[in-house]
Amino acid sequence: MQSEAAELRRDGPELAGPDRLAAEPRGPALANSAWEALLSAHAVLIKEFAAGGIWSDVSMREYDVLYTLSKCAEPIRLGELNRHVLLSQPALSRMVERLADRGLVKRTADPADRRSVHLSLTDAGRAVQRTIGRRHARGVAEIITARLTGDQIRQLAAICLQLAGGSAAASGSSIQKESNE
């Protein structure tokens with residue numbers, strides 16, 4: 001019997017394997033093949049992470065919001081949070097409202113602008129983020145190390161950091177930097 005992860009990897013068409021990248025010409029076609037391979041890998045991995053069974057307390061998207069807030073040195077505005085998560089502003093507003101209602105996110109009025117609020121994790125939100133985060137990190141490590149060597153993982157990290165515009169942007173420290181400006 002094949003694992004659920006193996007079944008997830010087989011779903012859908014073969015979009016861009018290593019052989020296809022090697023056969024592509026240079027320039028735009030090669031760049032687009034690499035982009036398709038990145039998106040395909042992302043889709044497969046997200047499905048596998050979602051199937052991991054750790055998302056009972058919060059959804060993956062809710063966790064993304066909690067994780068992003070956990071990386072902030074101080075409370076941030078909704079607009080700043082929106083620049084770092086893959087949600088529309090209206091969807092993020094509704095999610096933050098739900099997370100606040102559940103006691104995971106604290107909304108504090110901005111004394112300088114009453115129309116704005118600052119967001120931060122509550123103690124309960126930080127505890128949920130850490131608990132889920134530890135489980136998620138173990139799942140990520142299991143999946144990635146099963147498919148890539150240590151050298152490949154280092155290459156992947158370096159390439160992703162470069163694509164994200166440098167180490168600060170990819171590591172989340174840009175949130176802290178930008179919120180202090």
# chains A, B, ... in the order shown; residues from 1 in each chain; ligands from 1
>>> residues_around(residues="segment 59-61 of chain A", least_positions_apart="5", cutoff="10 Å", atoms="only C-alpha atoms", output="ChimeraX atom specification")
/A:46,49-50,54,66-67,85-87,92,95,132,136
>>> residues_around(residues="segment 111-121 of chain A", least_positions_apart="5", cutoff="6 Å", atoms="only C-alpha atoms", output="compact mmCIF listing (two decimals) with N, CA and C atoms, in the first residue's frame")
# COMPACT_ATOMS: atom_id res chain seq x y z
N PRO A 75 3.69 45.06 18.07
CA PRO A 75 2.43 44.97 17.33
C PRO A 75 2.52 45.70 15.99
N ILE A 76 1.79 45.16 15.01
CA ILE A 76 1.80 45.74 13.66
C ILE A 76 0.38 46.01 13.20
N ARG A 77 0.25 46.86 12.22
CA ARG A 77 -1.05 47.16 11.62
C ARG A 77 -1.46 46.04 10.67
N VAL A 105 -5.44 36.50 19.09
CA VAL A 105 -4.85 37.74 18.60
C VAL A 105 -5.43 38.90 19.41
N LYS A 106 -4.56 39.83 19.76
CA LYS A 106 -4.99 41.02 20.49
C LYS A 106 -5.00 42.20 19.52
N ARG A 126 0.24 32.76 21.25
CA ARG A 126 1.65 32.36 21.19
C ARG A 126 1.81 30.88 21.53
>>> atom_distance(atom1="atom CA of Leu78 of chain A", atom2="atom CA of Val96 of chain A")
8.6 Å
>>> residues_around(residues="Ala124 of chain A", least_positions_apart="2", cutoff="7 Å", atoms="only C-alpha atoms", output="number ranges by chain")
A: 103-104, 122, 126-128
>>> write_last_selection(atoms="N, CA and C atoms", output="tab-separated table (two decimals), in the first residue's frame")
chain	number	residue	atom	x	y	z
A	103	GLY	N	-9.48	34.59	21.19
A	103	GLY	CA	-8.48	34.94	22.20
A	103	GLY	C	-7.05	34.67	21.78
A	104	LEU	N	-6.80	34.54	20.46
A	104	LEU	CA	-5.45	34.23	19.98
A	104	LEU	C	-4.70	35.47	19.51
A	122	THR	N	-1.76	37.03	21.63
A	122	THR	CA	-2.01	36.91	23.05
A	122	THR	C	-1.13	35.77	23.57
A	126	ARG	N	0.24	32.76	21.25
A	126	ARG	CA	1.65	32.36	21.19
A	126	ARG	C	1.81	30.88	21.53
A	127	ALA	N	1.05	30.40	22.50
A	127	ALA	CA	1.12	28.98	22.88
A	127	ALA	C	0.64	28.08	21.74
A	128	VAL	N	-0.47	28.46	21.10
A	128	VAL	CA	-0.98	27.67	19.96
A	128	VAL	C	0.04	27.69	18.83
>>> select_by_dssp(residues="segment 58-134 of chain A", states="strand (DSSP E)", output="number ranges by chain")
A: 76-77, 105-110, 113-121
>>> write_last_selection(atoms="C-alpha atoms", output="compact mmCIF listing (two decimals), in the first residue's frame")
# COMPACT_ATOMS: atom_id res chain seq x y z
CA ILE A 76 1.80 45.74 13.66
CA ARG A 77 -1.05 47.16 11.62
CA VAL A 105 -4.85 37.74 18.60
CA LYS A 106 -4.99 41.02 20.49
CA ARG A 107 -6.22 44.16 18.74
CA THR A 108 -5.11 47.43 20.30
CA ALA A 109 -6.27 50.86 19.17
CA ASP A 110 -3.53 52.99 17.65
CA ASP A 113 -4.78 57.01 14.50
CA ARG A 114 -8.09 55.87 15.97
CA ARG A 115 -9.11 54.28 12.67
CA SER A 116 -6.22 51.84 12.91
CA VAL A 117 -5.44 48.95 15.23
CA HIS A 118 -2.23 47.18 16.11
CA LEU A 119 -2.17 43.39 16.14
CA SER A 120 -0.17 41.05 18.33
CA LEU A 121 -0.41 37.55 19.71
>>> closest_residue(among="A:Ala31, A:Leu38, A:Gly79, A:Val44", to="Leu156 of chain A", atoms="only C-alpha atoms")
A:Leu38
>>> select_by_dssp(residues="segment 12-181 of chain A", states="alpha helix (DSSP H)", output="ChimeraX atom specification")
/A:18-23,28-50,60-70,78-82,89-101,123-147,150-163,167-171,173-180
>>> closest_residue(among="A:Val65, A:Ala164, A:Ala73, A:Ala141", to="Ala91 of chain A", atoms="only C-alpha atoms")
A:Val65
